[in-house]
$ cat query-v4.cif   # mmCIF, C-alpha atoms
data_entry
#
loop_
_atom_site.label_atom_id
_atom_site.label_comp_id
_atom_site.auth_asym_id
_atom_site.auth_seq_id
_atom_site.Cartn_x
_atom_site.Cartn_y
_atom_site.Cartn_z
CA MET S 1 31.91 43.18 25.89
CA LYS S 2 33.00 40.74 23.18
CA PRO S 3 30.45 38.10 22.22
CA ASN S 4 31.15 34.65 23.60
CA TYR S 5 31.59 32.86 20.24
CA ILE S 6 32.95 29.75 21.89
CA GLY S 7 29.83 29.44 24.05
CA VAL S 8 27.52 29.93 21.09
CA ILE S 9 29.36 27.34 18.99
CA PHE S 10 29.31 24.93 21.90
CA LEU S 11 25.52 25.37 22.27
CA LEU S 12 24.90 24.85 18.54
CA LEU S 13 26.94 21.66 18.58
CA CYS S 14 25.22 20.32 21.64
CA LEU S 15 21.67 20.80 20.37
CA PRO S 16 21.79 18.42 17.38
CA GLN S 17 23.91 15.93 19.33
CA SER S 18 21.13 15.76 21.91
CA GLY S 19 18.65 14.92 19.15
CA TRP S 20 20.99 12.33 17.70
CA ALA S 21 21.43 10.77 21.13
CA GLN S 22 17.67 10.47 21.60
CA ASP S 23 17.30 8.98 18.11
CA ALA S 24 20.13 6.49 18.69
CA LYS S 25 18.70 5.46 22.07
CA LEU S 26 15.24 4.79 20.62
CA ILE S 27 16.72 2.79 17.76
CA ALA S 28 18.85 0.72 20.12
CA GLU S 29 15.87 -0.03 22.34
CA GLY S 30 13.69 -0.67 19.29
CA LYS S 31 16.17 -3.25 18.02
CA LYS S 32 15.83 -5.09 21.30
CA GLU S 33 12.04 -5.10 20.84
CA GLY S 34 12.63 -6.77 17.46
CA ARG S 35 10.04 -5.17 15.19
CA VAL S 36 7.22 -2.65 14.93
CA VAL S 37 3.65 -3.41 13.82
CA ILE S 38 1.83 -0.73 11.82
CA TYR S 39 -1.86 -0.56 10.96
CA GLY S 40 -2.56 1.93 8.17
CA SER S 41 -4.48 2.99 5.10
CA LEU S 42 -1.53 4.60 3.33
CA GLU S 43 -1.02 3.08 -0.13
CA SER S 44 1.37 0.14 -0.12
CA ASP S 45 3.65 1.47 -2.87
CA ILE S 46 4.34 4.61 -0.83
CA PHE S 47 4.61 2.81 2.48
CA ASP S 48 6.93 0.13 1.11
CA GLU S 49 9.48 2.77 0.14
CA ILE S 50 9.33 4.36 3.59
CA LYS S 51 9.48 0.94 5.25
CA SER S 52 12.60 -0.07 3.29
CA ALA S 53 14.39 3.17 4.17
CA PHE S 54 13.49 2.82 7.86
CA GLU S 55 14.60 -0.80 8.05
CA LYS S 56 17.87 0.05 6.31
CA LYS S 57 18.57 2.93 8.70
CA THR S 58 17.54 1.25 11.95
CA GLY S 59 17.64 -2.50 11.48
CA ILE S 60 14.13 -2.66 12.95
CA ALA S 61 11.72 -4.84 10.96
CA VAL S 62 8.32 -3.40 10.01
CA ASP S 63 5.10 -5.41 9.72
CA TYR S 64 2.45 -3.44 7.83
CA TRP S 65 -1.22 -4.35 7.75
CA ARG S 66 -3.07 -2.18 5.24
CA ALA S 67 -6.83 -1.81 5.20
CA SER S 68 -9.51 0.82 4.72
CA ALA S 69 -9.77 3.42 7.47
CA ALA S 70 -13.08 1.91 8.60
CA SER S 71 -11.70 -1.64 8.77
CA LEU S 72 -8.57 -0.75 10.69
CA THR S 73 -10.61 1.41 13.10
CA ASP S 74 -12.96 -1.48 13.84
CA ARG S 75 -10.02 -3.86 14.32
CA ALA S 76 -8.03 -1.53 16.56
CA ILE S 77 -10.99 -0.71 18.81
CA SER S 78 -12.04 -4.38 18.98
CA GLU S 79 -8.51 -5.45 19.94
CA HIS S 80 -8.30 -2.81 22.64
CA ARG S 81 -11.62 -3.77 24.15
CA SER S 82 -10.69 -7.47 24.16
CA GLY S 83 -7.20 -6.83 25.55
CA LYS S 84 -5.53 -8.39 22.50
CA THR S 85 -3.83 -5.36 20.94
CA GLN S 86 -1.43 -6.15 18.09
CA SER S 87 -0.55 -2.73 16.66
CA ASP S 88 2.17 -0.37 17.84
CA VAL S 89 1.41 2.48 15.44
CA ILE S 90 -1.69 3.48 13.50
CA VAL S 91 -1.72 5.85 10.53
CA THR S 92 -4.87 6.96 8.72
CA ASN S 93 -7.13 9.94 8.11
CA SER S 94 -8.27 12.28 10.82
CA THR S 95 -11.90 11.22 11.40
CA PRO S 96 -11.13 7.61 12.44
CA MET S 97 -7.99 8.75 14.28
CA LEU S 98 -10.08 11.09 16.43
CA ILE S 99 -12.66 8.35 16.99
CA MET S 100 -9.91 5.98 18.15
CA LEU S 101 -8.44 8.71 20.35
CA LYS S 102 -11.78 8.96 22.19
CA GLU S 103 -11.66 5.18 22.62
CA LYS S 104 -8.24 5.56 24.28
CA VAL S 105 -6.48 3.65 21.51
CA PHE S 106 -3.63 6.21 21.54
CA THR S 107 -1.25 7.62 24.07
CA LYS S 108 0.29 11.05 23.67
CA TYR S 109 3.53 11.20 21.71
CA ILE S 110 4.72 14.44 20.15
CA SER S 111 7.72 13.62 17.98
CA PRO S 112 10.72 16.00 18.04
CA THR S 113 10.18 16.36 14.29
CA SER S 114 6.93 18.22 15.02
CA LYS S 115 8.93 21.45 15.08
CA ASP S 116 9.12 21.24 11.28
CA PHE S 117 5.34 21.55 10.95
CA ALA S 118 3.22 24.64 11.50
CA PRO S 119 2.12 24.81 15.17
CA ASP S 120 -1.55 25.18 14.24
CA ILE S 121 -1.64 21.69 12.66
CA VAL S 122 0.03 19.90 15.58
CA HIS S 123 -2.62 18.08 17.61
CA ALA S 124 -2.05 18.13 21.37
CA GLU S 125 -2.01 14.32 21.57
CA LEU S 126 -1.56 12.99 18.03
CA GLY S 127 1.13 15.38 16.82
CA PRO S 128 1.29 16.83 13.28
CA ARG S 129 -1.45 16.47 10.70
CA TYR S 130 1.27 15.26 8.37
CA ARG S 131 -0.54 15.24 5.03
CA THR S 132 -3.77 16.38 3.45
CA GLY S 133 -5.97 14.55 0.97
CA VAL S 134 -6.83 17.49 -1.31
CA VAL S 135 -10.01 16.92 -3.32
CA GLY S 136 -10.62 18.74 -6.58
CA VAL S 137 -11.80 18.36 -10.16
CA ILE S 138 -9.45 16.38 -12.41
CA TYR S 139 -9.80 15.82 -16.14
CA ASN S 140 -8.36 13.93 -19.09
CA LYS S 141 -6.45 16.33 -21.36
CA SER S 142 -6.68 14.03 -24.36
CA ILE S 143 -10.47 14.43 -24.31
CA ILE S 144 -10.93 17.90 -22.84
CA LYS S 145 -8.33 20.47 -23.82
CA PRO S 146 -7.16 22.79 -21.02
CA GLU S 147 -8.72 25.82 -22.69
CA ALA S 148 -12.10 24.05 -22.79
CA ALA S 149 -11.88 22.58 -19.28
CA PRO S 150 -13.96 23.91 -16.38
CA LYS S 151 -12.43 26.86 -14.58
CA SER S 152 -14.41 26.42 -11.37
CA LEU S 153 -16.81 24.03 -9.63
CA GLU S 154 -19.73 26.06 -10.93
CA ASP S 155 -18.59 25.32 -14.50
CA LEU S 156 -19.48 21.67 -13.93
CA LEU S 157 -23.10 22.75 -14.28
CA LYS S 158 -22.60 23.70 -17.94
CA PRO S 159 -24.57 21.57 -20.45
CA GLU S 160 -21.41 20.29 -22.16
CA PHE S 161 -20.31 18.53 -18.96
CA ARG S 162 -23.63 16.88 -18.19
CA GLY S 163 -23.10 13.21 -17.34
CA LYS S 164 -19.35 13.51 -17.87
CA VAL S 165 -18.22 13.83 -14.25
CA ALA S 166 -17.33 10.80 -12.10
CA MET S 167 -18.23 11.36 -8.45
CA PRO S 168 -17.44 9.13 -5.45
CA ASP S 169 -20.64 7.70 -4.00
CA PRO S 170 -21.53 9.98 -1.06
CA THR S 171 -23.65 7.23 0.50
CA ARG S 172 -20.77 4.74 0.76
CA GLY S 173 -18.05 6.56 2.65
CA VAL S 174 -17.57 9.41 5.10
CA ILE S 175 -14.98 11.20 2.96
CA ALA S 176 -17.20 11.08 -0.12
CA ALA S 177 -20.06 12.54 1.92
CA SER S 178 -17.88 15.12 3.66
CA TRP S 179 -16.89 16.79 0.39
CA PRO S 180 -20.37 18.01 -0.65
CA ALA S 181 -21.30 18.57 2.99
CA SER S 182 -18.35 20.96 3.36
CA LEU S 183 -18.78 22.97 0.16
CA TYR S 184 -20.37 25.75 2.20
CA LYS S 185 -16.86 26.56 3.38
CA LEU S 186 -15.97 27.50 -0.20
CA MET S 187 -19.27 28.94 -1.44
CA GLY S 188 -21.39 29.91 1.53
CA LYS S 189 -24.37 27.90 2.77
CA GLU S 190 -27.12 28.92 0.32
CA LYS S 191 -24.92 28.84 -2.76
CA ALA S 192 -23.47 25.44 -1.78
CA GLU S 193 -26.90 23.89 -1.24
CA LYS S 194 -28.07 25.15 -4.63
CA PHE S 195 -24.90 23.91 -6.31
CA ILE S 196 -25.32 20.41 -4.86
CA ARG S 197 -28.93 20.21 -6.09
CA ASP S 198 -28.02 21.55 -9.53
CA PHE S 199 -24.98 19.29 -9.81
CA ALA S 200 -27.04 16.22 -8.91
CA ALA S 201 -29.44 17.19 -11.71
CA THR S 202 -26.57 16.92 -14.24
CA ARG S 203 -26.49 13.18 -13.47
CA PRO S 204 -22.82 12.65 -12.59
CA ALA S 205 -21.55 9.07 -12.87
CA ILE S 206 -21.59 7.73 -9.31
CA VAL S 207 -18.65 5.39 -8.63
CA GLU S 208 -17.46 3.52 -5.57
CA GLY S 209 -14.73 5.88 -4.35
CA VAL S 210 -12.16 8.56 -5.14
CA LEU S 211 -9.74 6.05 -6.69
CA ASN S 212 -12.47 4.71 -8.96
CA ALA S 213 -13.30 8.25 -10.06
CA ALA S 214 -9.65 8.89 -10.98
CA GLU S 215 -9.44 5.58 -12.85
CA ARG S 216 -12.50 6.48 -14.90
CA VAL S 217 -10.87 9.78 -15.87
CA THR S 218 -7.59 8.03 -16.70
CA THR S 219 -9.28 5.63 -19.12
CA GLY S 220 -11.41 8.42 -20.58
CA GLU S 221 -14.63 6.56 -19.75
CA THR S 222 -15.62 9.69 -17.85
CA PRO S 223 -13.49 12.70 -18.86
CA LEU S 224 -13.89 14.57 -15.57
CA GLY S 225 -13.92 13.45 -11.97
CA ILE S 226 -14.02 14.58 -8.38
CA SER S 227 -11.02 12.95 -6.76
CA TYR S 228 -7.72 13.46 -4.98
CA LEU S 229 -5.30 15.72 -6.81
CA LYS S 230 -2.53 13.27 -5.94
CA TYR S 231 -3.79 10.98 -8.70
CA VAL S 232 -2.86 13.60 -11.30
CA VAL S 233 0.74 12.92 -10.25
CA ALA S 234 0.45 9.20 -9.57
CA PHE S 235 -1.30 8.31 -12.83
CA GLY S 236 0.62 11.00 -14.70
CA GLN S 237 3.88 9.26 -13.81
CA LYS S 238 2.46 6.22 -15.59
CA GLY S 239 1.63 8.22 -18.70
CA ALA S 240 -1.98 9.26 -18.10
CA PRO S 241 -2.76 12.73 -19.55
CA LEU S 242 -4.36 14.22 -16.44
CA ASP S 243 -4.69 17.78 -15.19
CA TYR S 244 -6.82 19.56 -12.61
CA VAL S 245 -9.02 22.63 -12.30
CA ARG S 246 -6.99 25.32 -10.57
CA GLU S 247 -8.98 26.91 -7.81
CA PRO S 248 -7.26 28.88 -5.05
CA LYS S 249 -9.17 27.07 -2.30
CA MET S 250 -9.95 23.35 -2.18
CA LEU S 251 -11.39 21.01 0.40
CA GLY S 252 -9.28 18.33 2.00
CA HIS S 253 -8.91 16.11 5.04
CA GLY S 254 -5.93 15.53 7.27
CA HIS S 255 -4.03 12.39 8.27
CA TYR S 256 -2.27 11.56 11.52
CA ILE S 257 0.09 8.92 12.83
CA GLY S 258 -0.37 7.80 16.42
CA LEU S 259 1.31 5.69 19.10
CA ASP S 260 -0.87 2.84 20.34
CA SER S 261 -1.51 3.18 24.07
CA LYS S 262 -0.94 -0.56 24.49
CA ALA S 263 2.01 -0.85 22.13
CA ALA S 264 4.13 -3.89 22.94
CA ARG S 265 7.12 -2.22 21.26
CA PRO S 266 6.96 1.48 22.26
CA SER S 267 10.57 2.39 21.45
CA ALA S 268 10.43 0.90 17.97
CA ALA S 269 7.08 2.66 17.51
CA LYS S 270 8.47 6.06 18.50
CA ALA S 271 11.52 5.56 16.30
CA PHE S 272 9.23 4.79 13.37
CA ILE S 273 7.01 7.83 14.00
CA ASP S 274 10.08 10.08 14.17
CA PHE S 275 11.36 8.68 10.89
CA PHE S 276 7.93 8.81 9.23
CA LEU S 277 7.56 12.51 10.00
CA GLY S 278 11.13 13.27 8.93
CA GLU S 279 12.24 15.07 5.80
CA ASP S 280 13.19 12.01 3.74
CA SER S 281 9.89 10.26 4.37
CA MET S 282 7.87 13.40 3.63
CA LYS S 283 9.79 13.93 0.37
CA THR S 284 9.05 10.34 -0.64
CA MET S 285 5.33 10.91 -0.14
CA ALA S 286 5.38 14.26 -1.95
CA ARG S 287 7.26 12.80 -4.91
CA MET S 288 4.43 10.30 -5.30
CA GLY S 289 1.78 13.02 -5.29
CA GLU S 290 0.88 13.46 -1.63
CA PHE S 291 0.26 16.92 -0.18
CA VAL S 292 2.44 16.67 2.91
CA THR S 293 2.36 19.50 5.43
CA ARG S 294 6.01 19.60 6.45
CA LYS S 295 7.28 23.09 5.64
CA GLY S 296 8.61 23.67 2.13
CA ILE S 297 7.78 20.25 0.62
CA TYR S 298 5.29 20.00 -2.27
CA PRO S 299 4.24 17.35 -4.80
CA PRO S 300 5.50 17.75 -8.41
CA LEU S 301 2.21 19.32 -9.47
CA ASP S 302 2.03 22.69 -11.16
CA GLY S 303 0.50 25.24 -8.78
CA ALA S 304 0.53 22.93 -5.75
CA ASP S 305 2.23 25.57 -3.60
CA LYS S 306 -0.58 28.05 -4.35
CA ILE S 307 -3.50 25.89 -3.20
CA GLN S 308 -5.12 26.88 0.07
CA GLU S 309 -6.53 23.75 1.66
CA ILE S 310 -9.72 24.10 3.70
CA GLU S 311 -10.33 21.27 6.16
CA MET S 312 -13.55 19.38 5.51
CA ASP S 313 -16.04 18.89 8.32
CA GLU S 314 -15.64 15.73 10.38
CA LEU S 315 -18.91 13.79 10.03
CA ASP S 316 -19.70 11.63 13.02
CA THR S 317 -21.89 8.53 12.77
CA ALA S 318 -25.12 10.50 13.12
CA GLY S 319 -23.97 13.20 10.71
CA PHE S 320 -23.00 10.66 8.06
CA ALA S 321 -26.32 8.84 8.43
CA GLU S 322 -28.19 12.11 7.87
CA LYS S 323 -26.14 13.09 4.83
CA ARG S 324 -26.34 9.58 3.44
CA LYS S 325 -30.14 9.83 3.27
CA GLU S 326 -30.02 13.30 1.77
CA TYR S 327 -27.51 12.39 -0.93
CA ALA S 328 -29.21 9.09 -1.77
CA LYS S 329 -32.32 11.07 -2.78
CA LEU S 330 -30.28 13.57 -4.78
CA PHE S 331 -27.66 11.44 -6.53
CA LEU S 332 -29.05 7.90 -6.63
CA LYS S 333 -32.64 8.54 -7.67
CA GLN S 334 -33.61 6.93 -10.96
#
$ encode --input "query-v4.cif" --output "structure tokens"
Amino acid sequence: MKPNYIGVIFLLLCLPQSGWAQDAKLIAEGKKEGRVVIYGSLESDIFDEIKSAFEKKTGIAVDYWRASAASLTDRAISEHRSGKTQSDVIVTNSTPMLIMLKEKVFTKYISPTSKDFAPDIVHAELGPRYRTGVVGVIYNKSIIKPEAAPKSLEDLLKPEFRGKVAMPDPTRGVIAASWPASLYKLMGKEKAEKFIRDFAATRPAIVEGVLNAAERVTTGETPLGISYLKYVVAFGQKGAPLDYVREPKMLGHGHYIGLDSKAARPSAAKAFIDFFLGEDSMKTMARMGEFVTRKGIYPPLDGADKIQEIEMDELDTAGFAEKRKEYAKLFLKQ
């Protein structure tokens, strides 16, 4: 029997047209809704580029309110409880997203673009974990030459690096506390606990957050820092001589984008989520240093495709309180 080429071609043509029809329908309905309101913690320079591209493609206006993950979580939950919800879409890191999910802030929406992400990172209700904040050791190449730089986390314990490492304050934020609390996933429990004690004894420079640590490395005030690898790209594009310690496994935390369960503009919200998770948007983020998880897209960072990201533990309120006390004694003692 001869293969039915006409039938196969017909099927192939129909499949993308169906997707286009869904996309066009959402956009048309979103235009009627007028705009979409986004709450997020994604940096404004990255979001603005995505926003402009979305508005140009769809004609749907985007209102973006940017705040810290903690602030937007408090606002979203408070609005839901008071019945005065303003947001249509929320985008931030996984811990607050999961907290808000328990508070019924989100309704299930799995974008058609989810097929372009590995199935094991697609949450049953929130969809793809679209990017990862990879945390590692970064350094200033104008002060520490690559051949003299640490080759591993354990190298930070060497006498020549004493007091020369900027570390985000683990008593101020969940992410900063989650990194040392999750080192056992890289080293094993006993070795990790010993490393944390020994590292604290080297008196790292404790700074407010991961951005502050990267800024200190950029200026050379502190030649090494524990921060997001994305800053090697972001500050490097501005001329900063940054590099990072290449370890095969590094800790990180995921980010999600979710549809508000009380969204006043659900079609515009879905259209934005579809666009946000699409190839063009993911390439925009990657170009600016983000480790997106859409298949085959990497930041312009040497060796980025070889890094195996290990998800950090999610510290709940009680867990963070416990670690905060522990790390205050270790890192903040005089």
$ closest_residue --input "query-v4.cif" --among "S:Val174, S:Gly296, S:Lys104, S:Ile60" --to "S:Ala318" --atoms "all atoms listed in the file"
S:Val174
$ resolve_selection --input "query-v4.cif" --expression "the PyMOL selection byres ((chain S and resi 187-199) around 10)" --output "count of residues only"
24
$ atom_distance --input "query-v4.cif" --atom1 "atom CA of S:Ala53" --atom2 "atom CA of S:Ala240"
28.3 Å
$ closest_residue --input "query-v4.cif" --among "S:Phe272, S:Lys283, S:Phe47, S:Ile138" --to "S:Thr222" --atoms "only C-alpha atoms"
S:Ile138
$ resolve_selection --input "query-v4.cif" --expression "the PyMOL selection byres ((chain S and resi 25-33) around 7)" --output "PDB file with C-alpha atoms, in the frame of the given file"
ATOM      1  CA  ALA S  21      21.430  10.770  21.130  1.00  0.00           C
ATOM      2  CA  GLN S  22      17.670  10.470  21.600  1.00  0.00           C
ATOM      3  CA  ASP S  23      17.300   8.980  18.110  1.00  0.00           C
ATOM      4  CA  ALA S  24      20.130   6.490  18.690  1.00  0.00           C
ATOM      5  CA  GLY S  34      12.630  -6.770  17.460  1.00  0.00           C
ATOM      6  CA  ARG S  35      10.040  -5.170  15.190  1.00  0.00           C
ATOM      7  CA  THR S  58      17.540   1.250  11.950  1.00  0.00           C
ATOM      8  CA  GLY S  59      17.640  -2.500  11.480  1.00  0.00           C
ATOM      9  CA  ILE S  60      14.130  -2.660  12.950  1.00  0.00           C
ATOM     10  CA  ARG S 265       7.120  -2.220  21.260  1.00  0.00           C
ATOM     11  CA  SER S 267      10.570   2.390  21.450  1.00  0.00           C
ATOM     12  CA  ALA S 268      10.430   0.900  17.970  1.00  0.00           C
ATOM     13  CA  ALA S 271      11.520   5.560  16.300  1.00  0.00           C
TER      14      ALA S 271
END
$ closest_residue --input "query-v4.cif" --among "S:Glu49, S:Glu208, S:Glu147, S:Glu247" --to "S:Pro170" --atoms "all atoms listed in the file"
S:Glu208
$ residues_around --input "query-v4.cif" --residues "stretch 66-77 of chain S" --least-positions-apart "3" --cutoff "7 Å" --atoms "only C-alpha atoms" --output "PyMOL selection string"
chain S and resi 39-41+80-81+92+96+100+105
$ write_last_selection --input "query-v4.cif" --atoms "C-alpha atoms" --output "compact mmCIF listing (two decimals), in the coordinates of the input"
# COMPACT_ATOMS: atom_id res chain seq x y z
CA TYR S 39 -1.86 -0.56 10.96
CA GLY S 40 -2.56 1.93 8.17
CA SER S 41 -4.48 2.99 5.10
CA HIS S 80 -8.30 -2.81 22.64
CA ARG S 81 -11.62 -3.77 24.15
CA THR S 92 -4.87 6.96 8.72
CA PRO S 96 -11.13 7.61 12.44
CA MET S 100 -9.91 5.98 18.15
CA VAL S 105 -6.48 3.65 21.51
$ resolve_selection --input "query-v4.cif" --expression "the PyMOL selection byres ((chain S and resi 298) around 6)" --output "PyMOL selection string"
chain S and resi 286+297+299
$ residues_near_point --input "query-v4.cif" --point "(3.3, 15.5, 16.6)" --cutoff "7 Å" --atoms "all atoms listed in the file" --output "ChimeraX atom specification"
/S:109-111,114,122-123,126-128
$ closest_residue --input "query-v4.cif" --among "S:Lys56, S:Tyr130, S:Ala328, S:Gly252" --to "S:Lys115" --atoms "only C-alpha atoms"
S:Tyr130
$ decode --input "query-v4.cif" --residues "stretch 126-147 of chain S" --atoms "C-alpha atoms" --output "short mmCIF file (atom, residue, chain, number, x, y, z; two decimals), in the first residue's frame"
data_model
loop_
_atom_site.label_atom_id
_atom_site.label_comp_id
_atom_site.auth_asym_id
_atom_site.auth_seq_id
_atom_site.Cartn_x
_atom_site.Cartn_y
_atom_site.Cartn_z
CA LEU S 126 1.84 26.51 37.24
CA GLY S 127 3.35 25.16 34.03
CA PRO S 128 7.08 25.29 33.17
CA ARG S 129 9.79 26.34 35.59
CA TYR S 130 10.93 28.71 32.89
CA ARG S 131 14.28 29.86 34.24
CA THR S 132 16.76 29.08 36.99
CA GLY S 133 18.71 31.48 39.17
CA VAL S 134 22.05 29.64 39.19
CA VAL S 135 24.25 30.58 42.15
CA GLY S 136 28.01 30.19 42.01
CA VAL S 137 31.33 31.84 42.79
CA ILE S 138 32.17 34.83 40.59
CA TYR S 139 35.41 36.81 40.57
CA ASN S 140 37.09 39.90 39.16
CA LYS S 141 39.70 38.86 36.58
CA SER S 142 41.59 42.14 36.86
CA ILE S 143 42.40 41.30 40.49
CA ILE S 144 42.47 37.50 40.48
CA LYS S 145 43.86 35.89 37.34
CA PRO S 146 41.99 32.79 36.12
CA GLU S 147 44.94 30.53 36.88
#
